[in-house]
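Report on the following structure.
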Amino acid sequence: MSLKSRGEQSSRSVISQKWVLLLCLGSFCAGMFFTNRMWTVPEPKGIGRTTATEAEKLKLVSEGCNPRILQEKDVVRESKGFFGEVYRTHNSIQTLDKTISNLEMELAAARAAHESIRSGSPLSENAEKTEAFGKKRYLMVVGINTAFSSRKRRDSVRATWMPQGEKRKKLEEEKGIIIRFVIGHSATSGGILDRAIEAEDRKHGDFLRLDHVEGYLELSAKTKIYFATAVALWDADFYVKVDDDVHVNIATLGDTLVRHRAKPRVYIGCMKSGPVLAQRGVRYHEPEYWKFGEYGNKYFRHATGQLYAISKDLATYISINQHVLHRYANEDVTLGSWFIGLDVKHIDDRRLCCGTPPDCEWKAQAGNVCVASFDWSCSGICKSAERIKEVHRRCGEGENALWSATF
């Protein structure tokens with residue numbers, strides 16, 4: 001090929017490349033022009049300015065994309081689920097515990113009734129009705145601790161704060177209150193002392209006989225057997241022990257106990273903590289004084305023995321464990337010791353230990369009627385057979401208070 005022909009081909013190829021570039025640039029410019037003219041996108045309202053609320057939302061969205069924050073949220077969510085499961089499990093355990101407690105109560109009642117039959121002790125009229133028709137629910141069982149030599153005291157109680165005859169039956173049926181004198185047997189079973197109590201019971205029908213040999217040093221054992229027997233015979237919310245030389249206002253006692261009806265494991269009384277007496281020969285001597293620490297120490301808190309009340313679950317606990325519960329010399333200390341280590345609610349109510357007139361009289365006039373009245377110096381009303389009528393007249397709540405009360 002000649003040089004001339006090569007020059008012409010090179011010139012055409014250069015021109016072609018230039019035109020290609022120009023056409024490309026022209027096409028691009030035309031495209032940009034038509035795009036701006038025809039596809040103009042209007043600005044949406046509200047997007048031109050970002051508000052504080054929207055900023056917070058955007059922050060939350062951006063945080064949601066942060067792996068660390070997402071992990072923390074998962075931990076919180078898992079913790080909530082875990083505690084929810086714990087709460088539901090706790091409720092299930094409580095329900096199961098209550099069911100077991102009810103079964104234990106029924107077992108204790110059946111066991112005590114069976115033991116009573118085996119020992120040859122006759123069932124009371126109430127127990128026979130219980131066997132035939134099922135248990136009626138009562139508010140309280142009041143056991144009046146008495147002795148063979150306390151006939152005058154019992155008669156003075158019958159003449160004052162303890163309803164008799166049809167009124168006592170009405171009290172049981174309408175108010176759900178059982179009241180009985182509590183006594184065991186003499187060392188000589190069927191002797192003159194036992195026959196005297198049997199004759200008195202035929203007349204009044206207000207005794208609860210225990211499978212227990214009477215004796216002052218056996219008060220702790222008597223208390224244990226009383227609660228075990230009472231919880232077997234009567235299904236009540238509370239079981240009360242009171243001495244036969246104490247004046248009691250029954251309606252006020254009922255009102256006091258009702259306030260604590262919904263609470264489990266209740267122990268009500270005038271709580272005290274007296275000295276542990278190590279010296280022999282003195283009243284209230286404690287032979288096991290060494291168990292309470294150094295010489296001069298005091299007892300743990302416990303209710304004074306003149307009057308106290310416990311809820312049904314505690315009475316059932318005593319019944320079930322009566323064969324292994326330790327007894328100290330003093331009955332009130334013994335009862336308090338049985339509840340050491342248990343989840344028991346101690347309720348200190350000073351109206352359960354008022355003094356005799358004028359103390360209880362002044363309180364009654366001020367509208368604060370006492371539950372129980374006695375003399376501390378005598379651990380009961382001094383010469384109660386002669387003086388309890390006066391205490392009843394000046395400090396009694398009145399008969400209408402009992403029959404108008406609703407529990």
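Chain lettering (A, B, ...) mirrors the order of the structure tokens, residue numbering begins at 1 for each chain separately, and ligand numbering begins at 1 in order of display.
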#### Entry: Close residues, Tyr308 in chain A itself excluded, 12 Å, only C-alpha atoms, min 5 positions apart in chain, as a count of residues only
40
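Considering only C-alpha atoms, the residue among A:Val276, A:Cys378, A:Val282, A:Ile250 positioned nearest to Gly398 in chain A is A:Ile250.
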### Message
When DSSP is applied to the backbone of this structure, which of range 153-391 of chain A are assigned alpha helix (DSSP H)? Write them out as a ChimeraX atom specification.
### Response
/A:153-158,166-170,192-204,219-233,250-258,312-320,331-338,359-365,384-391
### Message
My list of candidates is A:Glu397, A:Ala315, A:Asn330, A:Pro275. Which is closest to Gly296 in chain A when distances are computed with only C-alpha atoms?
### Response
A:Pro275
### Task
Tell me which protein, DNA and RNA residues are within 12 Å of Val333 in chain A, counting only C-alpha atoms, leaving out same-chain ones fewer than 4 positions away, and put them as an MDAnalysis selection string.
chainID A and resid 219:220 223 271:276 284:286 288:289 292 298:305 326:329 337:340
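The space between CA of Asp211 in chain A and CA of His185 in chain A spans 7.0 Å.
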### Task
Run DSSP on the backbone and give me the residues of range 280-347 of chain A it puts in strand (DSSP E), as a ChimeraX atom specification.
/A:302-311,345-347
For N, CA and C atoms, I'd like the residues from the last selection saved as a short mmCIF file (atom, residue, chain, number, x, y, z; two decimals), in the first residue's frame.
data_model
loop_
_atom_site.label_atom_id
_atom_site.label_comp_id
_atom_site.auth_asym_id
_atom_site.auth_seq_id
_atom_site.Cartn_x
_atom_site.Cartn_y
_atom_site.Cartn_z
N HIS A 302 -42.39 -15.01 124.89
CA HIS A 302 -43.49 -15.98 124.86
C HIS A 302 -44.72 -15.34 125.52
N ALA A 303 -45.88 -15.87 125.23
CA ALA A 303 -47.12 -15.32 125.78
C ALA A 303 -47.29 -15.75 127.23
N THR A 304 -47.75 -14.83 128.06
CA THR A 304 -48.02 -15.17 129.45
C THR A 304 -49.13 -16.21 129.53
N GLY A 305 -49.05 -17.08 130.54
CA GLY A 305 -49.88 -18.27 130.56
C GLY A 305 -51.34 -18.08 130.94
N GLN A 306 -51.73 -16.88 131.39
CA GLN A 306 -53.12 -16.70 131.82
C GLN A 306 -54.11 -16.84 130.66
N LEU A 307 -53.73 -16.33 129.49
CA LEU A 307 -54.58 -16.47 128.30
C LEU A 307 -53.72 -16.29 127.06
N TYR A 308 -53.83 -17.19 126.13
CA TYR A 308 -53.19 -17.03 124.82
C TYR A 308 -54.00 -17.81 123.80
N ALA A 309 -53.74 -17.52 122.53
CA ALA A 309 -54.47 -18.17 121.43
C ALA A 309 -53.48 -18.51 120.32
N ILE A 310 -53.74 -19.63 119.65
CA ILE A 310 -52.94 -20.01 118.49
C ILE A 310 -53.88 -20.39 117.35
N SER A 311 -53.40 -20.21 116.14
CA SER A 311 -54.21 -20.55 114.97
C SER A 311 -54.22 -22.06 114.74
N LYS A 345 -46.01 -15.88 113.53
CA LYS A 345 -46.27 -14.47 113.77
C LYS A 345 -46.66 -14.27 115.24
N HIS A 346 -45.77 -13.64 116.02
CA HIS A 346 -46.04 -13.34 117.42
C HIS A 346 -46.79 -12.01 117.50
N ILE A 347 -47.98 -12.03 118.08
CA ILE A 347 -48.78 -10.81 118.20
C ILE A 347 -48.92 -10.46 119.68
#
### Query
Contacts of Cys360 in chain A at 12 Å or less, counting only C-alpha atoms, minus same-chain residues fewer than 3 places along, as a PyMOL selection string?
chain A and resi 247-249+350-357+363-375+390-397
### Query
Hey, can you check how far CA of Leu325 in chain A sits from CA of Ala228 in chain A?
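Computed distance, CA of Leu325 in chain A to CA of Ala228 in chain A, equals 12.2 Å.
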### Task
Might you pull out every residue within 7 Å of Thr316 in chain A, with only C-alpha atoms counted and same-chain residues fewer than 2 positions away left off, and present them as a PyMOL selection string?
chain A and resi 105+108+228+231+312-314+318-320
### Task
Could you tell me how far CA of Asp206 in chain A lies from CA of Phe181 in chain A, in Å and to one decimal?
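For CA of Asp206 in chain A relative to CA of Phe181 in chain A, the distance reads 6.2 Å.
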### Task
Using only C-alpha atoms, find the one residue out of A:Leu342, A:Val157, A:Ile225, A:Ile183 that sits nearest to Ile381 in chain A.
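Selected residue with least distance to Ile381 in chain A: A:Val157.
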